[in-house]
>>> print(open('upload-v4.csv').read())   # CSV, C-alpha atoms
chain,number,residue,atom,x,y,z
A,193,MET,CA,-26.4,160.3,96.8
A,194,HIS,CA,-29.3,158.9,98.7
A,195,SER,CA,-31.8,160.3,96.3
A,196,ALA,CA,-29.9,158.7,93.4
A,197,ASP,CA,-29.9,155.4,95.2
A,198,ASP,CA,-33.6,155.7,96.1
A,199,PRO,CA,-35.1,154.6,92.8
A,200,VAL,CA,-32.8,151.6,92.8
A,201,HIS,CA,-33.7,150.9,96.4
A,202,ARG,CA,-37.4,151.2,95.7
A,203,SER,CA,-37.3,149.0,92.6
A,204,LYS,CA,-35.5,146.3,94.6
A,205,ASN,CA,-38.2,146.5,97.2
A,206,HIS,CA,-40.9,146.0,94.6
A,207,PHE,CA,-39.4,142.6,93.8
A,208,HIS,CA,-38.2,141.4,97.2
A,209,PRO,CA,-40.7,139.9,99.6
A,210,SER,CA,-38.9,140.7,102.8
A,211,THR,CA,-39.6,144.4,103.3
A,212,ALA,CA,-42.8,146.3,102.7
A,213,GLN,CA,-42.1,149.9,102.8
A,214,ALA,CA,-45.0,152.0,103.9
A,215,SER,CA,-43.6,155.4,102.9
A,216,ASN,CA,-42.9,154.6,99.3
A,217,GLY,CA,-43.4,157.4,96.9
A,218,TYR,CA,-44.8,155.2,94.2
A,219,GLU,CA,-47.6,153.6,96.1
A,220,GLY,CA,-49.1,156.5,97.9
A,221,ASP,CA,-50.8,156.0,101.2
A,222,TYR,CA,-51.3,152.3,101.5
A,223,THR,CA,-48.9,149.6,102.4
A,224,VAL,CA,-48.0,147.1,99.8
A,225,PRO,CA,-48.5,143.3,100.5
A,226,HIS,CA,-45.7,141.6,98.8
A,227,THR,CA,-46.4,138.0,99.8
A,228,ARG,CA,-48.8,137.4,97.0
A,229,SER,CA,-46.5,138.0,94.2
A,230,ALA,CA,-43.4,136.8,96.0
A,231,PRO,CA,-42.5,133.2,95.0
A,232,SER,CA,-42.6,133.5,91.3
A,233,GLN,CA,-41.3,137.0,90.9
A,234,ASN,CA,-38.5,136.6,93.3
A,235,ALA,CA,-36.7,134.0,91.2
A,236,PHE,CA,-37.5,135.8,88.0
A,237,PHE,CA,-36.5,139.2,89.0
A,238,SER,CA,-33.5,138.7,91.2
A,239,PRO,CA,-31.0,138.8,88.3
A,240,GLN,CA,-32.8,141.8,87.0
A,241,SER,CA,-32.7,143.5,90.4
A,242,ALA,CA,-29.0,142.8,90.6
A,243,PHE,CA,-28.7,144.4,87.2
A,244,TYR,CA,-30.7,147.4,88.2
A,245,SER,CA,-28.6,147.9,91.3
A,246,SER,CA,-25.5,148.0,89.2
A,247,SER,CA,-26.7,150.8,86.9
A,248,SER,CA,-29.1,153.3,88.1
A,249,GLN,CA,-29.6,155.1,84.8
A,250,GLN,CA,-31.8,152.6,83.2
A,251,THR,CA,-34.0,152.1,86.3
A,252,ILE,CA,-36.0,155.3,85.8
A,253,PRO,CA,-38.1,154.6,82.7
A,254,THR,CA,-38.7,150.9,83.7
A,255,ASN,CA,-39.6,152.1,87.2
A,256,GLN,CA,-42.5,154.0,85.8
A,257,VAL,CA,-43.8,151.0,83.9
A,258,ALA,CA,-43.3,148.8,87.0
A,259,SER,CA,-45.0,151.4,89.2
A,260,SER,CA,-48.2,151.5,87.2
A,261,MET,CA,-48.4,147.8,87.1
A,262,GLU,CA,-47.7,147.7,90.8
A,263,LEU,CA,-50.5,150.2,91.4
A,264,LEU,CA,-52.9,148.0,89.5
A,265,SER,CA,-51.9,144.7,91.0
A,266,ASN,CA,-51.2,145.9,94.6
A,267,ASN,CA,-54.3,147.9,95.2
A,268,PRO,CA,-56.1,146.0,97.9
A,269,PHE,CA,-59.5,147.1,96.8
A,270,LEU,CA,-58.9,145.9,93.3
A,271,ASN,CA,-57.6,142.6,94.7
A,272,VAL,CA,-60.7,142.1,96.8
A,273,GLY,CA,-63.0,143.1,93.9
A,274,ILE,CA,-61.3,140.8,91.4
A,275,LYS,CA,-61.3,137.9,93.8
A,276,ALA,CA,-65.0,138.4,94.6
A,277,VAL,CA,-65.9,138.5,90.9
A,278,GLY,CA,-63.8,135.5,90.1
A,279,ASP,CA,-65.4,133.4,92.9
A,280,SER,CA,-68.9,134.3,92.0
A,281,MET,CA,-68.3,133.5,88.3
A,282,LYS,CA,-66.9,130.1,89.3
A,283,ASP,CA,-69.9,129.6,91.5
A,284,ILE,CA,-72.4,130.4,88.8
A,285,THR,CA,-70.7,128.4,86.1
A,286,GLY,CA,-70.3,125.5,88.5
A,287,LYS,CA,-74.0,125.5,89.4
A,288,THR,CA,-75.2,125.8,85.8
A,289,VAL,CA,-72.8,123.0,84.7
A,290,ASN,CA,-74.2,120.8,87.4
A,291,MET,CA,-77.7,121.4,86.3
A,292,LEU,CA,-77.0,120.0,82.9
A,293,PRO,CA,-77.9,116.4,82.1
A,294,ASN,CA,-75.1,113.8,82.4
A,295,GLU,CA,-74.5,113.4,78.7
A,296,MET,CA,-74.0,117.1,78.2
A,297,LYS,CA,-71.6,117.2,81.1
A,298,LYS,CA,-69.5,114.5,79.4
A,299,SER,CA,-69.6,116.3,76.1
A,300,LEU,CA,-68.5,119.5,77.8
A,301,SER,CA,-65.5,117.9,79.4
A,302,SER,CA,-64.7,116.1,76.2
A,303,ILE,CA,-64.5,119.3,74.3
A,304,LYS,CA,-61.1,119.8,76.0
A,305,ASP,CA,-59.9,116.8,74.1
A,306,TYR,CA,-60.6,118.5,70.8
A,307,PHE,CA,-58.2,121.3,71.6
A,308,ALA,CA,-55.3,119.1,72.5
A,309,VAL,CA,-53.3,119.8,69.3
A,310,ASP,CA,-49.7,120.3,68.6
A,311,GLN,CA,-47.8,121.9,65.8
A,312,ILE,CA,-47.1,118.7,63.9
A,313,TYR,CA,-50.8,117.8,63.9
A,314,VAL,CA,-51.8,121.3,62.6
A,315,MET,CA,-49.2,121.2,59.8
A,316,LYS,CA,-50.2,117.8,58.8
A,317,LYS,CA,-53.9,118.5,58.9
A,318,LEU,CA,-53.6,121.8,56.9
A,319,SER,CA,-51.5,120.1,54.2
A,320,LEU,CA,-54.0,117.3,54.1
A,321,LEU,CA,-56.9,119.8,53.7
A,322,LEU,CA,-55.2,121.4,50.8
A,323,PHE,CA,-53.8,118.2,49.2
A,324,PRO,CA,-55.5,115.0,50.3
A,325,PHE,CA,-54.8,113.0,47.2
A,326,ARG,CA,-51.9,111.0,48.4
A,327,PRO,CA,-52.8,107.4,49.3
A,328,ARG,CA,-52.9,107.0,53.1
A,329,ASN,CA,-54.8,105.4,55.9
A,330,TRP,CA,-57.8,107.4,56.9
A,331,SER,CA,-59.1,105.4,59.9
A,332,VAL,CA,-59.4,107.0,63.3
A,333,GLY,CA,-58.3,105.2,66.4
A,334,TYR,CA,-61.0,104.2,68.8
A,335,SER,CA,-61.3,105.3,72.3
A,336,ALA,CA,-64.1,104.1,74.5
A,337,ASP,CA,-64.5,107.1,76.7
A,338,GLY,CA,-64.6,110.1,74.5
A,339,PRO,CA,-63.0,111.5,71.4
A,340,VAL,CA,-59.4,110.6,70.5
A,341,PRO,CA,-57.3,113.7,71.2
A,342,PRO,CA,-55.7,114.9,67.9
A,343,ARG,CA,-52.2,114.7,69.5
A,344,VAL,CA,-52.4,111.0,69.5
A,345,ASP,CA,-54.0,110.3,66.2
A,346,THR,CA,-53.6,112.5,63.1
A,347,ASN,CA,-56.9,111.5,61.6
A,348,ALA,CA,-58.9,112.7,64.5
A,349,PRO,CA,-61.0,115.9,64.1
A,350,ASP,CA,-60.1,118.9,66.2
A,351,TYR,CA,-61.6,122.3,67.1
A,352,TYR,CA,-58.5,124.3,66.9
A,353,ILE,CA,-58.2,124.6,63.2
A,354,PRO,CA,-61.9,125.4,62.6
A,355,LEU,CA,-61.9,128.1,65.3
A,356,MET,CA,-58.7,129.7,64.1
A,357,SER,CA,-59.8,129.6,60.5
A,358,VAL,CA,-63.1,131.2,61.2
A,359,MET,CA,-61.3,134.1,62.9
A,360,THR,CA,-58.8,134.3,60.0
A,361,TYR,CA,-61.6,134.3,57.6
A,362,VAL,CA,-63.2,137.3,59.2
A,363,LEU,CA,-59.9,139.1,59.1
A,364,VAL,CA,-59.2,138.2,55.5
A,365,ALA,CA,-62.7,139.3,54.5
A,366,GLY,CA,-62.0,142.6,56.2
A,367,LEU,CA,-58.7,142.8,54.2
A,368,VAL,CA,-60.4,142.1,50.9
A,369,LEU,CA,-63.1,144.7,51.7
A,370,GLY,CA,-60.3,147.1,52.6
A,371,THR,CA,-58.6,146.8,49.2
A,372,GLN,CA,-61.9,147.6,47.6
A,373,ASN,CA,-62.5,150.6,49.8
A,374,ARG,CA,-65.6,149.1,51.2
A,375,PHE,CA,-64.4,148.5,54.7
A,376,THR,CA,-66.1,149.7,57.8
A,377,PRO,CA,-65.5,148.2,61.3
A,378,GLU,CA,-69.0,146.9,61.5
A,379,GLN,CA,-68.3,144.6,58.6
A,380,LEU,CA,-66.0,142.6,60.7
A,381,GLY,CA,-68.7,142.0,63.3
A,382,MET,CA,-71.3,141.2,60.6
A,383,HIS,CA,-69.0,138.7,58.9
A,384,ALA,CA,-68.3,137.0,62.2
A,385,SER,CA,-71.9,136.8,63.2
A,386,SER,CA,-73.1,135.6,59.8
A,387,ALA,CA,-70.4,132.9,59.8
A,388,LEU,CA,-71.6,131.8,63.2
A,389,VAL,CA,-75.2,131.8,62.1
A,390,TRP,CA,-74.6,129.9,58.9
A,391,ASN,CA,-72.6,127.3,60.9
A,392,ILE,CA,-75.5,126.9,63.4
A,393,ILE,CA,-78.0,126.5,60.6
A,394,GLU,CA,-75.8,124.0,58.8
A,395,ILE,CA,-75.1,121.9,61.9
A,396,GLY,CA,-78.8,122.1,63.0
A,397,LEU,CA,-80.0,120.9,59.6
A,398,LEU,CA,-77.5,118.1,59.5
A,399,CYS,CA,-78.4,116.9,63.0
A,400,LEU,CA,-82.1,117.1,62.1
A,401,THR,CA,-81.5,115.1,58.9
A,402,PHE,CA,-79.6,112.5,60.8
A,403,TYR,CA,-82.5,112.1,63.2
A,404,ILE,CA,-85.2,112.1,60.7
A,405,LEU,CA,-83.6,109.5,58.4
A,406,ASN,CA,-83.0,107.4,61.5
A,407,ILE,CA,-79.4,106.8,60.8
A,408,GLN,CA,-77.3,105.4,63.6
A,409,SER,CA,-73.7,106.2,62.9
A,410,LYS,CA,-70.5,106.4,64.8
A,411,LEU,CA,-70.3,110.1,64.0
A,412,ARG,CA,-70.7,112.2,67.1
A,413,THR,CA,-72.3,115.6,66.9
A,414,LEU,CA,-69.1,117.2,68.2
A,415,ASP,CA,-67.2,115.5,65.4
A,416,LEU,CA,-69.6,116.8,62.8
A,417,ILE,CA,-69.1,120.3,64.1
A,418,ALA,CA,-65.4,119.9,63.6
A,419,TYR,CA,-65.7,118.5,60.1
A,420,CYS,CA,-68.1,121.3,59.1
A,421,GLY,CA,-65.5,123.8,60.3
A,422,TYR,CA,-62.8,122.7,57.9
A,423,LYS,CA,-64.3,124.5,55.0
A,424,TYR,CA,-63.1,127.8,56.3
A,425,VAL,CA,-59.5,126.8,55.5
A,426,GLY,CA,-60.5,126.5,51.9
A,427,MET,CA,-62.3,129.8,52.0
A,428,ILE,CA,-59.2,131.5,53.3
A,429,ALA,CA,-57.1,129.9,50.6
A,430,ALA,CA,-59.5,131.0,47.8
A,431,LEU,CA,-59.8,134.5,49.3
A,432,SER,CA,-56.1,135.0,49.7
A,433,SER,CA,-55.5,133.9,46.1
A,434,TYR,CA,-58.0,136.5,45.0
A,435,LEU,CA,-56.3,139.0,47.2
A,436,ALA,CA,-52.9,138.3,45.7
A,437,THR,CA,-53.9,138.5,42.1
A,438,HIS,CA,-57.2,140.4,41.9
A,439,SER,CA,-58.2,138.2,39.0
A,440,LEU,CA,-61.5,136.5,38.7
A,441,PHE,CA,-60.1,133.6,36.8
A,442,VAL,CA,-57.6,132.8,39.6
A,443,TYR,CA,-60.4,133.0,42.2
A,444,ARG,CA,-62.6,130.6,40.3
A,445,CYS,CA,-59.8,128.2,39.7
A,446,SER,CA,-58.8,128.2,43.4
A,447,LEU,CA,-62.4,127.8,44.4
A,448,LEU,CA,-62.7,124.8,42.2
A,449,TYR,CA,-59.6,123.2,43.5
A,450,VAL,CA,-60.5,123.9,47.1
A,451,SER,CA,-63.9,122.5,46.6
A,452,ILE,CA,-62.5,119.3,45.0
A,453,SER,CA,-59.9,118.8,47.7
A,454,LEU,CA,-62.3,119.5,50.6
A,455,SER,CA,-64.9,117.1,49.1
A,456,TYR,CA,-62.2,114.4,48.7
A,457,PHE,CA,-61.0,114.9,52.2
A,458,LEU,CA,-64.5,114.8,53.7
A,459,ILE,CA,-65.5,111.8,51.8
A,460,LYS,CA,-62.5,109.9,52.9
A,461,CYS,CA,-62.9,111.0,56.5
A,462,LEU,CA,-66.6,110.5,56.8
A,463,ARG,CA,-66.9,107.4,54.7
A,464,LEU,CA,-65.7,105.2,57.5
A,465,LYS,CA,-68.0,106.7,60.0
A,466,ILE,CA,-71.3,107.1,58.3
A,467,LEU,CA,-71.4,104.2,55.9
A,468,PRO,CA,-72.1,100.9,57.5
A,469,ASP,CA,-69.0,98.7,57.8
A,470,THR,CA,-69.1,95.5,55.8
A,471,SER,CA,-67.7,93.4,58.7
A,472,GLY,CA,-70.9,94.0,60.6
A,473,SER,CA,-74.3,92.3,60.2
A,474,HIS,CA,-75.5,92.1,56.7
A,475,THR,CA,-79.2,92.3,57.6
A,476,TYR,CA,-79.6,96.0,56.9
A,477,ASN,CA,-81.9,96.7,54.0
A,478,ALA,CA,-80.9,98.5,50.9
A,479,ASN,CA,-83.0,101.6,51.8
A,480,GLY,CA,-81.0,102.4,54.9
A,481,ASN,CA,-77.8,102.0,53.0
A,482,ALA,CA,-78.9,104.3,50.2
A,483,ARG,CA,-80.0,106.9,52.8
A,484,ARG,CA,-76.5,106.9,54.3
A,485,VAL,CA,-74.9,107.4,50.9
A,486,TYR,CA,-77.2,110.2,50.1
A,487,LEU,CA,-76.6,111.9,53.4
A,488,LEU,CA,-72.9,111.6,53.0
A,489,LEU,CA,-73.2,113.1,49.5
A,490,ALA,CA,-75.3,115.9,50.9
A,491,ILE,CA,-72.8,116.7,53.6
A,492,VAL,CA,-70.0,116.7,51.1
A,493,LEU,CA,-71.8,118.8,48.5
A,494,ILE,CA,-73.1,121.6,50.7
A,495,GLN,CA,-69.5,122.5,51.8
A,496,PRO,CA,-68.5,123.9,48.4
A,497,LEU,CA,-71.8,125.6,48.2
A,498,PHE,CA,-71.1,127.3,51.4
A,499,ILE,CA,-67.6,128.2,50.3
A,500,TRP,CA,-68.9,129.8,47.2
A,501,TYR,CA,-71.8,131.6,48.9
A,502,LEU,CA,-69.8,133.0,51.7
A,503,THR,CA,-67.1,134.4,49.5
A,504,ARG,CA,-69.2,135.6,46.6
A,505,HIS,CA,-70.1,138.9,48.0
A,506,LEU,CA,-66.5,139.8,48.5
A,507,ILE,CA,-65.6,139.5,44.9
A,508,VAL,CA,-66.0,142.5,42.7
A,509,THR,CA,-66.0,141.8,38.9
B,275,MET,CA,-76.0,137.5,53.5
B,276,VAL,CA,-76.4,139.7,56.5
B,277,PHE,CA,-77.4,137.2,59.0
B,278,THR,CA,-77.3,138.4,62.5
B,279,LEU,CA,-77.8,136.1,65.5
B,280,TYR,CA,-81.0,138.0,66.2
B,281,SER,CA,-82.5,137.1,62.9
B,282,LEU,CA,-81.7,133.4,63.6
B,283,ILE,CA,-83.5,133.6,66.9
B,284,GLU,CA,-86.4,135.3,65.3
B,285,ALA,CA,-86.6,132.6,62.5
B,286,ALA,CA,-86.4,129.8,65.1
B,287,LEU,CA,-89.2,131.4,67.2
B,288,LEU,CA,-91.4,131.7,64.1
B,289,GLY,CA,-90.7,128.2,63.0
B,290,VAL,CA,-91.4,126.7,66.4
B,291,ASN,CA,-94.6,128.7,66.5
B,292,ALA,CA,-95.6,127.2,63.2
B,293,VAL,CA,-95.0,123.7,64.5
B,294,ALA,CA,-97.0,124.4,67.6
B,295,ILE,CA,-100.1,125.6,65.9
B,296,LEU,CA,-100.6,122.6,63.6
B,297,ASN,CA,-104.0,121.1,64.3
B,298,GLU,CA,-103.7,117.5,65.5
B,299,GLN,CA,-107.1,116.3,64.3
B,300,ARG,CA,-107.3,117.7,60.8
B,301,PHE,CA,-103.7,117.5,59.8
B,302,LEU,CA,-101.5,115.2,61.7
B,303,SER,CA,-103.7,112.2,61.9
B,304,LYS,CA,-104.5,112.5,58.2
B,305,LEU,CA,-100.8,112.6,57.4
B,306,THR,CA,-99.9,109.4,59.3
B,307,GLY,CA,-102.9,107.3,58.1
B,308,GLY,CA,-102.5,105.0,61.0
B,309,GLY,CA,-98.7,105.2,61.4
B,310,GLY,CA,-98.9,107.6,64.2
B,311,GLY,CA,-101.7,105.7,65.9
B,312,GLN,CA,-99.1,103.4,67.4
B,313,GLN,CA,-98.3,105.7,70.3
B,314,GLY,CA,-97.3,102.8,72.5
B,315,TYR,CA,-94.1,102.5,70.4
B,316,PRO,CA,-92.1,104.7,72.7
B,317,GLY,CA,-88.5,105.5,72.0
B,318,ALA,CA,-88.0,102.3,70.2
B,319,THR,CA,-88.0,103.9,66.8
B,320,GLY,CA,-84.8,105.5,67.6
B,321,TYR,CA,-82.9,102.4,68.6
B,322,VAL,CA,-84.0,99.8,66.2
B,323,ASP,CA,-81.5,99.1,63.5
B,324,ASP,CA,-81.9,99.8,59.9
B,325,MET,CA,-84.6,97.2,59.4
B,326,GLN,CA,-87.0,100.2,59.6
B,327,ASN,CA,-88.9,100.6,56.4
B,328,ALA,CA,-88.9,103.8,54.4
B,329,GLY,CA,-92.1,104.9,56.2
B,330,GLY,CA,-89.9,105.5,59.2
B,331,VAL,CA,-89.1,108.9,57.8
B,332,LYS,CA,-92.7,109.9,58.3
B,333,GLN,CA,-92.9,108.4,61.7
B,334,GLN,CA,-89.7,110.1,62.8
B,335,LEU,CA,-91.0,113.4,61.6
B,336,LEU,CA,-94.3,113.0,63.3
B,337,THR,CA,-92.6,111.9,66.5
B,338,LEU,CA,-90.4,114.9,66.3
B,339,ILE,CA,-93.4,117.3,65.7
B,340,ARG,CA,-95.3,115.7,68.5
B,341,SER,CA,-92.5,115.9,71.0
B,342,VAL,CA,-91.7,119.5,70.0
B,343,ARG,CA,-95.3,120.5,70.6
B,344,THR,CA,-95.4,118.7,74.0
B,345,VAL,CA,-92.2,120.2,75.2
B,346,MET,CA,-92.4,123.7,73.9
B,347,ARG,CA,-96.1,124.5,74.6
B,348,ILE,CA,-95.5,126.3,77.8
B,349,PRO,CA,-92.1,127.9,77.2
B,350,LEU,CA,-93.3,129.2,73.8
B,351,ILE,CA,-95.9,131.3,75.6
B,352,ALA,CA,-93.1,132.9,77.6
B,353,PHE,CA,-90.8,133.4,74.6
B,354,ASN,CA,-93.6,134.9,72.6
B,355,ILE,CA,-94.4,137.4,75.3
B,356,ILE,CA,-90.7,138.3,75.6
B,357,ALA,CA,-90.5,138.8,71.8
B,358,ILE,CA,-93.6,141.0,71.8
B,359,ILE,CA,-92.3,143.2,74.5
B,360,PHE,CA,-88.9,143.4,72.9
B,361,LEU,CA,-90.5,144.4,69.5
B,362,ILE,CA,-92.8,146.9,71.1
B,363,LEU,CA,-90.0,148.6,73.0
B,364,PHE,CA,-87.2,148.5,70.4
B,365,GLY,CA,-89.0,148.3,67.1
>>> encode(input="upload-v4.csv", output="structure tokens")
Amino acid sequence: MHSADDPVHRSKNHFHPSTAQASNGYEGDYTVPHTRSAPSQNAFFSPQSAFYSSSSQQTIPTNQVASSMELLSNNPFLNVGIKAVGDSMKDITGKTVNMLPNEMKKSLSSIKDYFAVDQIYVMKKLSLLLFPFRPRNWSVGYSADGPVPPRVDTNAPDYYIPLMSVMTYVLVAGLVLGTQNRFTPEQLGMHASSALVWNIIEIGLLCLTFYILNIQSKLRTLDLIAYCGYKYVGMIAALSSYLATHSLFVYRCSLLYVSISLSYFLIKCLRLKILPDTSGSHTYNANGNARRVYLLLAIVLIQPLFIWYLTRHLIVT
Amino acid sequence: MVFTLYSLIEAALLGVNAVAILNEQRFLSKLTGGGGGQQGYPGATGYVDDMQNAGGVKQQLLTLIRSVRTVMRIPLIAFNIIAIIFLILFG
């Protein structure tokens, strides 16, 4: 009877902080410190432990899972090792972040604001990217110390959608290649790295153009990165329409539609930021104004080009 | 289409090398025709409003080239040595 109770007894001791049994069959030769995992697990596991104590039949398979996890998390050598690595990593990153100039430090901390999204924002933004043609107000709220978090203002750019859509694009590209029997696992890595490289090239060229044409605009570099990431949503839409129907005509139609809607979206979003506002001083000359219009057009036109170029090799006629 | 990160680094290194070996006398002063002679015009070009004339493009480009050369002269030596060693070892 004692041996039947023993698994129950041992599982209870895993979750209770009070006793630390040295001669526990699951943990071998070393004693188990329970104080670390105590506070959170106690409240969480106490109803379960009560449940386990009532029926000893179900404890055995779960005990084995619990025992391996316990082995991993209660090994004192692993604890020390993990803590040491964590501390040194925090040390290194802290030192390198402090070495950066002040503006970059502010940018780094403001990146957090770009990830502050919620579901309503994501749904609204995605539907806006695919159908921006309804009349609405496109202006972004102004915040003096950094970007407006997207939770507050629907028109603000974010980093969550571009990041997720890049990853989804890589996966969908793998899927398309798989249906054509052209898939190898290296293709995933190649697609990811080429998407990254094309993004870097595009952002670099745009920043260079902003600098050379001497255009002072309210558009921050981080905002530009976000706006250039929205084209991957369109790519996914075009690719999935191709995947569903396998017809070239549908692919071309969806490409056209996605290009038009993305261009419309970007023009509406960037128009307020790049073009000079009419309420300001009227002393700018026509050349600077024309340059801004050309730059805006260039930004808007290279997006469909990229969409076409990055999906073209996946289509088989 | 196959664009790895390594090819980007390689292209960037070659591009910066190309900018660094431009000859100041023969090429750059001829290009400015006097516009680059105003070196005592420090960062002001970046902060004046759009009353800059269209020649500001040339001036901005030349400022960019000159600053890249000044900054990257020494680190470029190091990067080139690293790239040479890398290519010798790994082909």
>>> closest_residue(input="upload-v4.csv", among="A:Ile393, A:Ile466, A:Ile417, A:Leu355", to="chain B", atoms="all atoms listed in the file")
A:Ile393
>>> interface_residues(input="upload-v4.csv", of="chain A", to="chain B", cutoff="6 Å", atoms="all atoms listed in the file", output="PyMOL selection string")
chain A and resi 385-386+404-405+476+480
>>> write_last_selection(input="upload-v4.csv", atoms="C-alpha atoms", output="PDB file, in the frame of the given file")
ATOM      1  CA  SER A 385     -71.900 136.800  63.200  1.00  0.00           C
ATOM      2  CA  SER A 386     -73.100 135.600  59.800  1.00  0.00           C
ATOM      3  CA  ILE A 404     -85.200 112.100  60.700  1.00  0.00           C
ATOM      4  CA  LEU A 405     -83.600 109.500  58.400  1.00  0.00           C
ATOM      5  CA  TYR A 476     -79.600  96.000  56.900  1.00  0.00           C
ATOM      6  CA  GLY A 480     -81.000 102.400  54.900  1.00  0.00           C
TER       7      GLY A 480
END
>>> atom_distance(input="upload-v4.csv", atom1="atom CA of Cys420 of chain A", atom2="atom CA of Met296 of chain A")
20.4 Å
>>> residues_around(input="upload-v4.csv", residues="segment 455-465 of chain A", least_positions_apart="5", cutoff="7 Å", atoms="all atoms listed in the file", output="number ranges by chain")
A: 321, 324, 330, 409-411, 492
>>> residues_near_point(input="upload-v4.csv", point="(-69.0, 143.4, 58.7)", cutoff="12 Å", atoms="all atoms listed in the file", output="compact mmCIF listing (two decimals) with C-alpha atoms, in the frame of the given file")
# COMPACT_ATOMS: atom_id res chain seq x y z
CA TYR A 361 -61.60 134.30 57.60
CA VAL A 362 -63.20 137.30 59.20
CA LEU A 363 -59.90 139.10 59.10
CA VAL A 364 -59.20 138.20 55.50
CA ALA A 365 -62.70 139.30 54.50
CA GLY A 366 -62.00 142.60 56.20
CA LEU A 367 -58.70 142.80 54.20
CA VAL A 368 -60.40 142.10 50.90
CA LEU A 369 -63.10 144.70 51.70
CA GLY A 370 -60.30 147.10 52.60
CA ARG A 374 -65.60 149.10 51.20
CA PHE A 375 -64.40 148.50 54.70
CA THR A 376 -66.10 149.70 57.80
CA PRO A 377 -65.50 148.20 61.30
CA GLU A 378 -69.00 146.90 61.50
CA GLN A 379 -68.30 144.60 58.60
CA LEU A 380 -66.00 142.60 60.70
CA GLY A 381 -68.70 142.00 63.30
CA MET A 382 -71.30 141.20 60.60
CA HIS A 383 -69.00 138.70 58.90
CA ALA A 384 -68.30 137.00 62.20
CA SER A 385 -71.90 136.80 63.20
CA SER A 386 -73.10 135.60 59.80
CA ALA A 387 -70.40 132.90 59.80
CA HIS A 505 -70.10 138.90 48.00
CA LEU A 506 -66.50 139.80 48.50
CA MET B 275 -76.00 137.50 53.50
CA VAL B 276 -76.40 139.70 56.50
CA PHE B 277 -77.40 137.20 59.00
CA THR B 278 -77.30 138.40 62.50
>>> atom_distance(input="upload-v4.csv", atom1="atom CA of Pro293 of chain A", atom2="atom CA of Thr413 of chain A")
16.2 Å
>>> closest_residue(input="upload-v4.csv", among="A:Asp345, A:Ile312, A:Ile494, A:Met427", to="Asn329 of chain A", atoms="all atoms listed in the file")
A:Asp345
>>> residues_around(input="upload-v4.csv", residues="Arg343 of chain B", least_positions_apart="4", cutoff="7 Å", atoms="only C-alpha atoms", output="VMD selection string")
chain B and resid 293 to 294 339 347
>>> write_last_selection(input="upload-v4.csv", atoms="C-alpha atoms", output="mmCIF file, in the coordinates of the input")
data_model
loop_
_atom_site.group_PDB
_atom_site.id
_atom_site.type_symbol
_atom_site.label_atom_id
_atom_site.label_comp_id
_atom_site.auth_asym_id
_atom_site.auth_seq_id
_atom_site.Cartn_x
_atom_site.Cartn_y
_atom_site.Cartn_z
ATOM 1 C CA VAL B 293 -95.000 123.700 64.500
ATOM 2 C CA ALA B 294 -97.000 124.400 67.600
ATOM 3 C CA ILE B 339 -93.400 117.300 65.700
ATOM 4 C CA ARG B 347 -96.100 124.500 74.600
#
>>> closest_residue(input="upload-v4.csv", among="B:Ile362, B:Ala352, B:Met346, B:Ala357", to="Ile295 of chain B", atoms="only C-alpha atoms")
B:Met346
>>> atom_distance(input="upload-v4.csv", atom1="atom CA of Ile407 of chain A", atom2="atom CA of Arg340 of chain B")
19.8 Å
>>> build_atoms(input="upload-v4.csv", residues="segment 350-356 of chain B", atoms="N, CA, C and O atoms", output="PDB file, in the frame of the given file")
ATOM      1  N   LEU B 350     -93.073 128.318  74.981  1.00  0.00           N
ATOM      2  CA  LEU B 350     -93.300 129.200  73.800  1.00  0.00           C
ATOM      3  C   LEU B 350     -94.155 130.387  74.220  1.00  0.00           C
ATOM      4  O   LEU B 350     -93.955 131.475  73.680  1.00  0.00           O
ATOM      5  N   ILE B 351     -95.059 130.202  75.180  1.00  0.00           N
ATOM      6  CA  ILE B 351     -95.900 131.300  75.600  1.00  0.00           C
ATOM      7  C   ILE B 351     -94.915 132.410  76.171  1.00  0.00           C
ATOM      8  O   ILE B 351     -95.012 133.598  75.847  1.00  0.00           O
ATOM      9  N   ALA B 352     -93.987 131.956  77.007  1.00  0.00           N
ATOM     10  CA  ALA B 352     -93.100 132.900  77.600  1.00  0.00           C
ATOM     11  C   ALA B 352     -92.196 133.578  76.540  1.00  0.00           C
ATOM     12  O   ALA B 352     -92.011 134.803  76.546  1.00  0.00           O
ATOM     13  N   PHE B 353     -91.663 132.773  75.579  1.00  0.00           N
ATOM     14  CA  PHE B 353     -90.800 133.400  74.600  1.00  0.00           C
ATOM     15  C   PHE B 353     -91.560 134.357  73.700  1.00  0.00           C
ATOM     16  O   PHE B 353     -91.030 135.400  73.317  1.00  0.00           O
ATOM     17  N   ASN B 354     -92.811 134.026  73.396  1.00  0.00           N
ATOM     18  CA  ASN B 354     -93.600 134.900  72.600  1.00  0.00           C
ATOM     19  C   ASN B 354     -93.835 136.256  73.291  1.00  0.00           C
ATOM     20  O   ASN B 354     -93.766 137.337  72.694  1.00  0.00           O
ATOM     21  N   ILE B 355     -94.126 136.156  74.598  1.00  0.00           N
ATOM     22  CA  ILE B 355     -94.400 137.400  75.300  1.00  0.00           C
ATOM     23  C   ILE B 355     -93.117 138.241  75.364  1.00  0.00           C
ATOM     24  O   ILE B 355     -93.154 139.462  75.171  1.00  0.00           O
ATOM     25  N   ILE B 356     -91.966 137.569  75.580  1.00  0.00           N
ATOM     26  CA  ILE B 356     -90.700 138.300  75.600  1.00  0.00           C
ATOM     27  C   ILE B 356     -90.469 138.989  74.250  1.00  0.00           C
ATOM     28  O   ILE B 356     -90.079 140.158  74.168  1.00  0.00           O
TER      29      ILE B 356
END
